[in-house]
Structures are given as C-alpha cells and as structure tokens.
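As structure tokens, the structure follows; a few thoughts come after it.
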Amino acid sequence: MNTIRTAIHDTTDWGCDLHGRDLAPRRITRRGFMKDGALALIGTSTIPAFLTRSVLAEATTAAASRKKLVVLFQRGAADGLNIVAPYRDPNYVAMRPSLALKPDQVLDLNGTFGLHPALASFKPLYDQGHLAIIHAAGSPDTTRSHFDAQDYMESGTPGVKATTDGWLNRALSTEHLSTKLSAFRAVALGSQVPRTLQGKLPAIALNNLSDFSVGGKFANAAPVAQAFQALYDDSTDAVLHGTGQETFEAVRMLKFADPAQYKPADGVTYPNAPFGNSLRQIAQLLKANLGVEAAFADIGGWDTHVNQGAATGQLANRLREFSDSIAAFWHDMGDDAEHITLVTMSEFGRTAHQNGTGGTDHGHANVMFVLGGHVRGGKLYGKWPGLAPEQLNEGRDLAVTTDFRRVLAEVSFRSLGAHNLASVFPDAEISPSTFLNLI
C-alpha cells in the first residue's frame, strides 16, 4: 500500500495541486404569491428590499463583463470512490467485490485513478484542461446526517447550527462593486432559495422561466405573471403601488430568456430531466445578460444504500445525467464559458466497504469538480489518504484531506472577488496562501 501511495503522489503531484401544475386564474394575495409562486424571494417578511425603487431603477444594468460562478449540489451523498475510482488499489477492489470498477471499465486519468464510465462527457473537458478534480475533499465535521451535513456545507460553518446565512450569500456581500447591481444577481433554479444563497443579499429562486416569460402587456402574460402585475398595479399600499410597474419591469426582463424561443448552441442537447432543464435555464439567464453573477442548482438521487451498481445501474444513470447536463451547459455557453467557473459538491461520501444490499452507506470524504475557462484542469488535486484499514476514517470511510471550504474559498475569491474570506468562512483560517491553485 505504501508503494501505491507513493506512486499516486509522484504521478499526479497530489501534494501540490491534488411539480408542474395548472395555474388557473384565482385570487392571489401578496402573502400567497410569495409562498406559492414560482418566484421565491428571501430576506424580508413584506416587500423585498431589492424590489424598492432605488434598486429596481438599476436592475436592468447587467454586469456583462463580470465573471460568473455556478454552484451545483449533489444531494444525498454521492459515492466519490466510484465517481473517481482508485481502480488499481487492492483495498478498493477487496472492499467492493461487486461494486469496484475494473481497469477496462474506467476512463483512465493517470494509470491509478479513473472516471466512472458514465462520466464520458467529462473526459474531454479534463483532457482539454478545463476540468479539475479534488479527491478526498469534505467537511471536518463527521456527522452522517444528511440534513446536518448539507446545512453545514451550505452555511460554510461545519458544526455550527446557529449560522443564519449561506456562504455564497456572504461571498457576494463582501464584493466591492463599482457597477450597478441587477435584481437577478443571485439566482437559484428551484422552488425556494437554497440555504447556500440565504442571507442579507437578496436572491431569486425560479422554478421555471416560462412562468415569467412575458410576451406583451397583461393579456399575453403567463398566469403567475398576470397575478403578479395585477397585485402591484391594484395595490393601495403606497410602497407596492409606487414601485409596482418597476417591479414588473424587472420580472419582464426574463422575456428575453423565453424557453419557447431559446435554442441551445448548435450540436448541444441537454438531458430531458430536471437537472438538465435547470442548467439549460441557467444558460438562458446568463446569455440574456441579466446581470447574474452567481447561480445555483441541485440534483438529488445519490443516496445509494441498495443496488448501487458498478459500471451500470443506479449510480451510473445518475452520473450520466449529471455529467451530460454539465457538458451541455459548458458547450452551450460557447466563448462565454471563458468567464464561468462551475463547482460541484455533495454533503459527504460513502463507506469504503459495500454493504449487504449491494450499496454503500453514509461515509465521509468525497470528490469535487471545478470546471472553467481559467481552471488549471487536467489533473487531480489534494492529498490521497489511502484505503488501508489504518488509513480509513473511523475504520470505514475515505478520510478528508482537503477541507471543502478551501475549494469554495478559492472559486469565490477568483470568480466573485470575495477577498474577505474570514467573513465568508469564519474560523476556517483560509487565505490565498492556502489555495490549491485551481484557478
């Protein structure tokens, strides 16, 4: 095993880099809209601060030249050991008699590690130097609770339950901006703003862009958009009425990203699934030049306790959708991809040993991907801890050697200009000198 560990280090330089529903017309109140509408607004109990006149007057100014950060969360604890498999390690093979990937099944990276075959669309991105892999990454907190681990990762404060905001909201809040802000600066694809984006800086959650693709005045608007405009136009509330039309104009900006009119770049086809649709809509928002700086989406289905599968099966199906969607997004963005950084994460990994039902249980360290035009890809970063019994966390899991906050801090610093890292990740003691130099 020592020989294997040395070979890995020497070969990869790890120590240095390693519900759709019918929206029939009905009476909608402000409270009901905020609760049930496709537009979720966080940070206030009444009218969101960012929809006041002073901000909306600037909402149409898109930060076209700014870099963009896309954050993707794999909910359910993805199995990093089979996503990027140490297929030459005899311990890996012995601990996973029916799940271990064989040498002729993986997409080889360096003679020691290989991508799961369902990640075929990732291999060209890796070979071209756009995709970096950080193995044995994760949280210093050892909880095996999905809820707690996701909360800690999204808040950026492992082990601290009292944190009220998310790391990405704080990262955006620390920027020193000289340009006007857009109402769509921070966007999540989903029914509600995720923990990652909650905080003092306003963020928007959009379930489906078509709900707000307004083609004309009131008569041609989608039902939810009609209700939204009517609510503000008819309001006797001075705050609402005074900003009603400006508010609706901010939403009307989304007509330029109308899903019925949008066509991906030539040759690009997104998987016809929720995650693929989310990334397709993120691409629409970015191309529409709405001033999006940070976008978030997630994909579930990674909790593979039973019948996980090896080269084929449950995990393979999820990985194919995951990687094909990301690759489609990358190619769809074309030259604009040069200014985008995309990072993936999952709350924790899975056990090194397979269980008795052909699956894996909750583990510890995992794998993260960083994709971007300025990413120093084509290599694995971090320090590989090994899979010998004495090297495992609690005798059962891949050990964490790279704190996930180091990765997020670097992409925030490089992409968003979030230089106050002590504010973004309190108590993490992260500075540029501790970066992996991914970007």
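Residue numbering restarts at 1 for every chain of the structure tokens, chains are lettered A, B, ... in their displayed order, and ligands are numbered from 1 as they appear.
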
Just the residues within 9 Å of Asp127 (chain A), please, counting only C-alpha atoms, with nothing from its chain fewer than 3 positions along; format it as a PDB file with C-alpha atoms, in the first residue's frame.
```pdb
ATOM      1  CA  LEU A 109      -6.846   9.572 -15.808  1.00  0.00           C
ATOM      2  CA  PHE A 122     -16.345  14.806 -18.613  1.00  0.00           C
ATOM      3  CA  LYS A 123     -13.272  13.165 -20.107  1.00  0.00           C
ATOM      4  CA  PRO A 124     -12.771  15.635 -22.990  1.00  0.00           C
ATOM      5  CA  HIS A 130     -10.881  22.768 -18.261  1.00  0.00           C
ATOM      6  CA  LEU A 131     -11.882  20.288 -15.528  1.00  0.00           C
ATOM      7  CA  GLY A 377      -7.633  21.375 -15.120  1.00  0.00           C
ATOM      8  CA  GLY A 378      -6.469  18.073 -16.454  1.00  0.00           C
ATOM      9  CA  LYS A 379      -5.153  16.978 -13.087  1.00  0.00           C
TER      10      LYS A 379
END
```

Mind checking DSSP for region 96-220 of chain A and telling me the helix (DSSP H, G or I) residues as a PyMOL selection string? chain A and resi 117-119+123-127+146-155+167-173+195-197+209-212+218-220

With distances taken over only C-alpha atoms, which of A:Thr163, A:His146, A:Gly358, A:Gly386 is nearest to Asp89 (chain A)?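 When distances to Asp89 (chain A) are compared using only C-alpha atoms, the smallest one comes from A:Gly386.
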
Selected residue of minimal separation from Leu107 (chain A) among A:Ala418, A:Asn91, A:Val84, A:Gln192, counting only C-alpha atoms: A:Val84

If you count only C-alpha atoms, which residues fall within 12 Å of Ala94 (chain A), apart from same-chain ones fewer than 3 positions away, as a PyMOL selection string? chain A and resi 87-91+97-102+352-354+387-389

Taking C-alpha atoms for each residue, export the selection above as a JSON list (two decimals), in the first residue's frame.
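The resulting file, part.json, is reproduced below:
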```
[["chain", "number", "residue", "atom", "x", "y", "z"],
["A", 87, "TYR", "CA", -9.14, 1.27, -9.51],
["A", 88, "ARG", "CA", -5.58, -0.01, -9.05],
["A", 89, "ASP", "CA", -5.81, -0.04, -5.25],
["A", 90, "PRO", "CA", -6.19, -3.64, -3.98],
["A", 91, "ASN", "CA", -8.03, -2.36, -0.91],
["A", 97, "PRO", "CA", -16.36, -7.12, -4.53],
["A", 98, "SER", "CA", -19.38, -6.35, -6.73],
["A", 99, "LEU", "CA", -19.14, -2.55, -6.92],
["A", 100, "ALA", "CA", -15.48, -1.88, -7.70],
["A", 101, "LEU", "CA", -14.84, -0.63, -11.23],
["A", 102, "LYS", "CA", -12.44, -2.71, -13.28],
["A", 352, "ALA", "CA", -15.33, 2.32, 1.53],
["A", 353, "HIS", "CA", -16.90, -1.11, 2.05],
["A", 354, "GLN", "CA", -20.05, -2.05, 0.20],
["A", 387, "LEU", "CA", -7.61, 2.99, 1.73],
["A", 388, "ALA", "CA", -5.65, 0.69, 4.01],
["A", 389, "PRO", "CA", -7.61, -0.16, 7.17]]
```

Write out as a PyMOL selection string the residues lying within 6 Å of Ser278 (chain A), counting only C-alpha atoms and excluding same-chain residues fewer than 3 positions away. chain A and resi 189+275+281

Can you list, as an MDAnalysis selection string, every protein, DNA or RNA residue that comes within 10 Å of Lys161 (chain A) when you count only C-alpha atoms, leaving out same-chain residues fewer than 4 positions away? chainID A and resid 148 151:152 155 157
